[in-house]
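Visitor: One structure, as structure tokens, below. Some questions next.
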Amino acid sequence: MDLAYIPSPSSGAIHLGPLPLRGYALCIIIGVFVAVWYGNKRWIARGGTAGTVADIAVWAVPFGLVGGRLYHVVTDYQLYFSEGKNWVDAFKIWEGGLGIWGAISLGAVGAWIGCRRRGIPLPAWADALAPGIAFAQAIGRWGNWFNQELYGKPTDLPWALKISEGANRETGTYHPTFLYESLWCIGVALLVIWADRRFKLGHGRAFALYVAGYCAGRAWIEYLRVDEAHEVLGLRLNVWTALVVFVLAVVYIVVSARLRPGREEVVEPGRPGAAGAAKTGEADGAGGSADAADGGTTGGAGSADDAADRKPENGKAED
């Protein structure tokens with residue numbers, strides 16, 4: 001007898017009167033809003049202008065949704081194109097199925113287009129968004145709870161997830177991998193925020209830290225899941241993906257720190273006053289050089305005077 005467990009919702013939709021709102025879609029929408037809102041705060045703190053993050057997100061979000069769905073459909077094609085399946089279901093995104101690897105990859109393409117149109121460095125924008133993306137993933141994972149999907153192996157732990165009978169699932173209590181990943185993503189977001197404040201991460205390193213941190217958690221969480229997945233050498237495809245991307249992210253952090261230490265001085269070149277600030281810095285540097293030159297000249301003159309005063313008492317200077 002199960003003394004405690006996490007119940008699953010009886011329906012994947014929330015009804016607002018006659019209007020049904022899919023829980024999965026709601027979680028995705030809330031996650032995007034949080035990512036843009038918090039990314040905007042970080043962007044302004046870095047010297048950017050309000051609204052820039054949202055303008056670029058208009059490009060990144062649609063690309064990310066398409067990329068996430070494509071990755072899912074391609075890696076789990078048997079769910080839509082095998083015998084007895086309806087390929088039209090591949091377009092039913094509200095039923096779940098977004099691959100984070102495809103979402104980040106194609107979302108980055110959209111962000112690059114948006115940044116290029118605004119004359120903004122993509123790495124700086126990605127650094128501002130990094131913890132917000134992790135928070136968005138933490139919220140989005142609750143969409144899997146609404147759909148009763150992506151749970152782990154059977155368990156009788158007090159925080160086990162209760163799954164009801166349904167298509168391709170058996171009733172029982174399982175590891176709530178959606179909850180594990182949600183909590184892990186919150187931890188990754190806090191790690192990036194702390195590291196960025198402590199080490200002043202720039203040139204894409206905050207984003208790379210988010211990627212590395214997420215992959216480290218995804219590898220062991222993926223290992224707990226029991227849904228069907230392609231395997232390579234006995235490991236699920238997503239485990240291999242997490243390991244490879246983790247290594248690439250760590251290498252990027254190390255190489256980037258050596259080639260481009262510190263962080264960007266100006267993240268939005270077109271921002272009013274940005275050019276003036278840069279010129280002011282140059283002028284200050286020039287003024288400092290002039291002061292140094294004056295100091296050197298004055299010091300030289302002073303040295304000459306001192307030398308004259310220190311001439312021998314029997315010299316002609318005393319006559």
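All residue names refer to the structure tokens as shown: chains lettered A, B, ... in order, residues numbered from 1 in each chain, ligands numbered from 1 in order.
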Per residue of range 71-154 of chain A within 9 Å of range 196-208 of chain A, which atom pair is closest and at what distance in Å (one decimal), using only C-alpha atoms, listed by chain and increasing number, as a Markdown table?
Guide:
```
| residue | atom | partner | partner_atom | distance |
| --- | --- | --- | --- | --- |
| A:Pro121 | CA | A:His203 | CA | 8.6 |
| A:Leu122 | CA | A:Gly204 | CA | 8.0 |
| A:Pro123 | CA | A:Gly204 | CA | 4.2 |
| A:Ala124 | CA | A:His203 | CA | 5.8 |
| A:Trp125 | CA | A:Gly204 | CA | 8.2 |
| A:Ala126 | CA | A:Phe207 | CA | 5.8 |
| A:Asp127 | CA | A:Phe207 | CA | 4.9 |
| A:Ala128 | CA | A:Ala206 | CA | 8.0 |
| A:Leu129 | CA | A:Phe207 | CA | 7.6 |
| A:Ala130 | CA | A:Phe207 | CA | 4.9 |
| A:Pro131 | CA | A:Phe207 | CA | 8.0 |
```
Visitor: Which neighbours of Ala90 in chain A fall inside 12 Å, counting only C-alpha atoms, when residues of the same chain fewer than 3 positions from it are skipped, and could you give them as a list of chain:residue names?
Guide: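 Here the qualifying residues turn out to be A:Val66, A:Arg69, A:Leu70, A:Tyr71, A:His72, A:Val73, A:Val74, A:Thr75, A:Asp76, A:Tyr77, A:Gln78, A:Leu79, A:Tyr80, A:Phe81, A:Ser82, A:Lys85, A:Asn86, A:Trp87, A:Ile93, A:Trp94, A:Glu95, A:Gly96, A:Gly97, A:Leu98.
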Visitor: Would you save the residues of that selection, restricted to N, CA and C atoms, as an mmCIF file, in the first residue's frame?
Guide:
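Listing of part.cif after writing:
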```
data_model
loop_
_atom_site.group_PDB
_atom_site.id
_atom_site.type_symbol
_atom_site.label_atom_id
_atom_site.label_comp_id
_atom_site.auth_asym_id
_atom_site.auth_seq_id
_atom_site.Cartn_x
_atom_site.Cartn_y
_atom_site.Cartn_z
ATOM 1 N N VAL A 66 10.206 25.127 -33.160
ATOM 2 C CA VAL A 66 10.315 24.274 -34.345
ATOM 3 C C VAL A 66 11.473 23.292 -34.196
ATOM 4 N N ARG A 69 10.637 20.532 -31.652
ATOM 5 C CA ARG A 69 9.704 19.537 -32.188
ATOM 6 C C ARG A 69 10.371 18.653 -33.232
ATOM 7 N N LEU A 70 11.196 19.261 -34.087
ATOM 8 C CA LEU A 70 11.892 18.479 -35.109
ATOM 9 C C LEU A 70 12.798 17.422 -34.473
ATOM 10 N N TYR A 71 13.538 17.818 -33.440
ATOM 11 C CA TYR A 71 14.429 16.861 -32.776
ATOM 12 C C TYR A 71 13.637 15.695 -32.204
ATOM 13 N N HIS A 72 12.514 16.006 -31.578
ATOM 14 C CA HIS A 72 11.693 14.958 -30.990
ATOM 15 C C HIS A 72 11.147 14.015 -32.057
ATOM 16 N N VAL A 73 10.619 14.571 -33.129
ATOM 17 C CA VAL A 73 10.018 13.742 -34.178
ATOM 18 C C VAL A 73 11.076 12.883 -34.866
ATOM 19 N N VAL A 74 12.233 13.461 -35.128
ATOM 20 C CA VAL A 74 13.288 12.709 -35.810
ATOM 21 C C VAL A 74 13.832 11.585 -34.932
ATOM 22 N N THR A 75 14.067 11.853 -33.665
ATOM 23 C CA THR A 75 14.640 10.838 -32.776
ATOM 24 C C THR A 75 13.611 9.818 -32.303
ATOM 25 N N ASP A 76 12.322 10.171 -32.379
ATOM 26 C CA ASP A 76 11.257 9.229 -32.000
ATOM 27 C C ASP A 76 10.273 9.051 -33.157
ATOM 28 N N TYR A 77 10.824 8.887 -34.340
ATOM 29 C CA TYR A 77 9.997 8.803 -35.545
ATOM 30 C C TYR A 77 9.014 7.645 -35.511
ATOM 31 N N GLN A 78 9.351 6.574 -34.768
ATOM 32 C CA GLN A 78 8.468 5.412 -34.716
ATOM 33 C C GLN A 78 7.122 5.732 -34.091
ATOM 34 N N LEU A 79 7.058 6.812 -33.310
ATOM 35 C CA LEU A 79 5.788 7.193 -32.686
ATOM 36 C C LEU A 79 4.813 7.795 -33.680
ATOM 37 N N TYR A 80 5.328 8.190 -34.855
ATOM 38 C CA TYR A 80 4.478 8.900 -35.816
ATOM 39 C C TYR A 80 4.454 8.270 -37.211
ATOM 40 N N PHE A 81 5.495 7.519 -37.559
ATOM 41 C CA PHE A 81 5.589 7.025 -38.930
ATOM 42 C C PHE A 81 5.671 5.506 -39.038
ATOM 43 N N SER A 82 5.554 4.795 -37.931
ATOM 44 C CA SER A 82 5.549 3.336 -37.999
ATOM 45 C C SER A 82 4.140 2.831 -38.314
ATOM 46 N N LYS A 85 0.459 4.086 -36.944
ATOM 47 C CA LYS A 85 0.553 5.432 -36.392
ATOM 48 C C LYS A 85 0.077 6.458 -37.418
ATOM 49 N N ASN A 86 -0.363 7.597 -36.914
ATOM 50 C CA ASN A 86 -0.853 8.662 -37.777
ATOM 51 C C ASN A 86 0.189 9.790 -37.807
ATOM 52 N N TRP A 87 0.755 10.041 -38.985
ATOM 53 C CA TRP A 87 1.811 11.042 -39.101
ATOM 54 C C TRP A 87 1.338 12.446 -38.754
ATOM 55 N N ILE A 93 1.813 19.433 -31.085
ATOM 56 C CA ILE A 93 2.831 19.797 -30.105
ATOM 57 C C ILE A 93 2.261 19.899 -28.696
ATOM 58 N N TRP A 94 0.959 20.181 -28.589
ATOM 59 C CA TRP A 94 0.341 20.324 -27.274
ATOM 60 C C TRP A 94 0.269 19.000 -26.515
ATOM 61 N N GLU A 95 0.479 17.900 -27.212
ATOM 62 C CA GLU A 95 0.465 16.601 -26.548
ATOM 63 C C GLU A 95 1.828 16.232 -25.976
ATOM 64 N N GLY A 96 2.760 17.152 -26.076
ATOM 65 C CA GLY A 96 4.094 16.910 -25.535
ATOM 66 C C GLY A 96 5.070 16.517 -26.629
ATOM 67 N N GLY A 97 6.351 16.657 -26.307
ATOM 68 C CA GLY A 97 7.366 16.257 -27.260
ATOM 69 C C GLY A 97 8.178 17.413 -27.803
ATOM 70 N N LEU A 98 9.063 17.976 -26.954
ATOM 71 C CA LEU A 98 9.992 19.019 -27.374
ATOM 72 C C LEU A 98 11.393 18.615 -26.910
#
```
Visitor: What's the 10 Å shell around Asn144 in chain A, counting only C-alpha atoms, without same-chain residues fewer than 2 positions away, as an MDAnalysis selection string?
Guide: chainID A and resid 12 23:24 27 95:97 140:142 146:151 176:179
Visitor: Which residue, A:Ala134, A:Gly64, A:Trp59, A:Asn40, has the smallest gap to Trp112 in chain A when you use only C-alpha atoms?
Guide: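 For Trp112 in chain A, the nearest of the given residues is A:Trp59.
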Visitor: When you look at range 237-239 of chain A with a cut-off of 8 Å (counting only C-alpha atoms), what residues show up, excluding the ones that are within fewer than 2 positions of it in the same chain? I need them as a PyMOL selection string.
Guide: chain A and resi 218-220+222-223+229-232+235+241-243
Visitor: Keeping N, CA, C and O atoms, export the residues of the selection given above as a short mmCIF file (atom, residue, chain, number, x, y, z; two decimals), in the first residue's frame.
Guide:
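Once written, out28.cif looks like this:
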```cif
data_model
loop_
_atom_site.label_atom_id
_atom_site.label_comp_id
_atom_site.auth_asym_id
_atom_site.auth_seq_id
_atom_site.Cartn_x
_atom_site.Cartn_y
_atom_site.Cartn_z
N ARG A 218 21.08 16.17 -16.79
CA ARG A 218 20.27 15.43 -17.75
C ARG A 218 20.80 14.01 -17.95
O ARG A 218 20.02 13.08 -18.16
N ALA A 219 22.11 13.83 -17.85
CA ALA A 219 22.71 12.52 -18.07
C ALA A 219 22.18 11.49 -17.07
O ALA A 219 21.76 10.39 -17.44
N TRP A 220 22.16 11.83 -15.78
CA TRP A 220 21.71 10.84 -14.79
C TRP A 220 20.20 10.77 -14.70
O TRP A 220 19.63 9.70 -14.43
N GLU A 222 18.15 11.19 -17.28
CA GLU A 222 17.75 10.43 -18.47
C GLU A 222 17.91 8.93 -18.22
O GLU A 222 17.13 8.11 -18.71
N TYR A 223 18.93 8.56 -17.45
CA TYR A 223 19.19 7.15 -17.18
C TYR A 223 18.06 6.51 -16.38
O TYR A 223 17.87 5.29 -16.43
N ALA A 229 13.33 4.72 -26.17
CA ALA A 229 14.34 5.62 -26.72
C ALA A 229 15.39 4.80 -27.45
O ALA A 229 15.63 3.63 -27.12
N HIS A 230 16.00 5.41 -28.45
CA HIS A 230 17.08 4.74 -29.17
C HIS A 230 18.31 4.67 -28.27
O HIS A 230 18.58 5.59 -27.49
N GLU A 231 19.05 3.57 -28.39
CA GLU A 231 20.24 3.37 -27.57
C GLU A 231 21.47 3.17 -28.44
O GLU A 231 21.40 2.62 -29.54
N VAL A 232 22.61 3.64 -27.93
CA VAL A 232 23.90 3.46 -28.58
C VAL A 232 24.87 2.91 -27.55
O VAL A 232 25.08 3.53 -26.50
N LEU A 235 23.54 2.80 -23.97
CA LEU A 235 23.08 4.04 -23.34
C LEU A 235 22.08 4.74 -24.24
O LEU A 235 22.19 4.70 -25.47
N THR A 241 24.17 12.39 -25.98
CA THR A 241 24.10 13.79 -26.38
C THR A 241 24.51 14.70 -25.23
O THR A 241 25.28 15.65 -25.41
N ALA A 242 24.00 14.40 -24.03
CA ALA A 242 24.34 15.21 -22.85
C ALA A 242 25.83 15.17 -22.56
O ALA A 242 26.44 16.19 -22.23
N LEU A 243 26.43 13.99 -22.67
CA LEU A 243 27.86 13.86 -22.39
C LEU A 243 28.71 14.64 -23.39
O LEU A 243 29.65 15.34 -23.02
#
```
Visitor: With only C-alpha atoms as the counted atoms, please give the residues lying no more than 8 Å from Ala212 in chain A, apart from itself and same-chain residues fewer than 4 positions off, as an mmCIF file with all heavy atoms, in the first residue's frame.
Guide:
```cif
data_model
loop_
_atom_site.group_PDB
_atom_site.id
_atom_site.type_symbol
_atom_site.label_atom_id
_atom_site.label_comp_id
_atom_site.auth_asym_id
_atom_site.auth_seq_id
_atom_site.Cartn_x
_atom_site.Cartn_y
_atom_site.Cartn_z
ATOM 1 N N ALA A 208 27.520 28.952 -21.576
ATOM 2 C CA ALA A 208 28.200 27.659 -21.623
ATOM 3 C C ALA A 208 28.131 26.957 -20.271
ATOM 4 O O ALA A 208 27.996 25.726 -20.206
ATOM 5 C CB ALA A 208 29.648 27.841 -22.058
ATOM 6 N N ALA A 216 25.014 17.887 -17.187
ATOM 7 C CA ALA A 216 25.446 17.023 -16.085
ATOM 8 C C ALA A 216 24.250 16.391 -15.390
ATOM 9 O O ALA A 216 24.281 15.210 -15.017
ATOM 10 C CB ALA A 216 26.278 17.829 -15.096
ATOM 11 N N VAL A 245 27.782 17.194 -25.382
ATOM 12 C CA VAL A 245 27.553 18.630 -25.263
ATOM 13 C C VAL A 245 28.210 19.176 -23.998
ATOM 14 O O VAL A 245 28.728 20.299 -23.986
ATOM 15 C CB VAL A 245 26.044 18.946 -25.276
ATOM 16 C CG1 VAL A 245 25.796 20.424 -25.042
ATOM 17 C CG2 VAL A 245 25.426 18.523 -26.608
ATOM 18 N N PHE A 246 28.217 18.386 -22.921
ATOM 19 C CA PHE A 246 28.884 18.798 -21.686
ATOM 20 C C PHE A 246 30.370 19.051 -21.937
ATOM 21 O O PHE A 246 30.920 20.079 -21.518
ATOM 22 C CB PHE A 246 28.723 17.721 -20.612
ATOM 23 C CG PHE A 246 29.542 17.966 -19.362
ATOM 24 C CD1 PHE A 246 29.078 18.820 -18.379
ATOM 25 C CD2 PHE A 246 30.770 17.354 -19.194
ATOM 26 C CE1 PHE A 246 29.829 19.059 -17.233
ATOM 27 C CE2 PHE A 246 31.528 17.582 -18.054
ATOM 28 C CZ PHE A 246 31.053 18.435 -17.078
ATOM 29 N N VAL A 247 31.027 18.124 -22.621
ATOM 30 C CA VAL A 247 32.457 18.272 -22.909
ATOM 31 C C VAL A 247 32.702 19.509 -23.772
ATOM 32 O O VAL A 247 33.625 20.296 -23.517
ATOM 33 C CB VAL A 247 32.997 17.008 -23.609
ATOM 34 C CG1 VAL A 247 34.429 17.238 -24.084
ATOM 35 C CG2 VAL A 247 32.949 15.820 -22.659
ATOM 36 N N ALA A 249 30.896 22.213 -23.982
ATOM 37 C CA ALA A 249 30.658 23.422 -23.198
ATOM 38 C C ALA A 249 31.844 23.734 -22.287
ATOM 39 O O ALA A 249 32.262 24.895 -22.165
ATOM 40 C CB ALA A 249 29.382 23.277 -22.377
ATOM 41 N N VAL A 250 32.398 22.716 -21.649
ATOM 42 C CA VAL A 250 33.547 22.921 -20.763
ATOM 43 C C VAL A 250 34.761 23.389 -21.558
ATOM 44 O O VAL A 250 35.486 24.307 -21.126
ATOM 45 C CB VAL A 250 33.872 21.624 -20.000
ATOM 46 C CG1 VAL A 250 35.185 21.771 -19.228
ATOM 47 C CG2 VAL A 250 32.741 21.272 -19.033
#
```
Visitor: Between CA of Thr173 in chain A and CA of Asp227 in chain A, what distance in Å does the model show, to one decimal?
Guide: 14.4 Å
Visitor: Between A:Gly17, A:Ala108, A:Ala25, A:Ala35, which is the closest to Ala60 in chain A once you count only C-alpha atoms?
Guide: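 Using only C-alpha atoms, the shortest distance to Ala60 in chain A belongs to A:Ala108.
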Visitor: Taking only C-alpha atoms into account, name the residue in A:Ser11, A:Gly172, A:Pro261, A:Tyr180 that is nearest to Tyr214 in chain A.
Guide: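 Closest to Tyr214 in chain A of all the choices is A:Tyr180.
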Visitor: Of the residues A:Gly213, A:Gly51, A:Gly262, A:Gly114, which is the one nearest to Leu191 in chain A, using only C-alpha atoms?
Guide: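 With only C-alpha atoms as the atom set, the closest residue is A:Gly213.
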Visitor: In Å, with one decimal, what is the gap from CA of Gly84 in chain A to CA of Gly67 in chain A?
Guide: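 Pair CA of Gly84 in chain A / CA of Gly67 in chain A returns 25.7 Å.
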Visitor: Of the candidates A:Ile56, A:Lys153, A:Pro62, A:Phe135, which one gets nearest to Ile113 in chain A if we count only C-alpha atoms?
Guide: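 For Ile113 in chain A, the nearest of the candidates is A:Ile56.
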Visitor: Record the distance separating CA of Ala57 in chain A and CA of Leu248 in chain A, expressed in Å with one decimal.
Guide: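 Result for CA of Ala57 in chain A versus CA of Leu248 in chain A: 24.7 Å, one decimal.
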Visitor: Measuring between only C-alpha atoms, which one of A:Ala13, A:Cys115, A:Ala103, A:Leu65 shows the shortest distance to Glu268 in chain A?
Guide: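 The answer is A:Cys115, which sits nearest to Glu268 in chain A.
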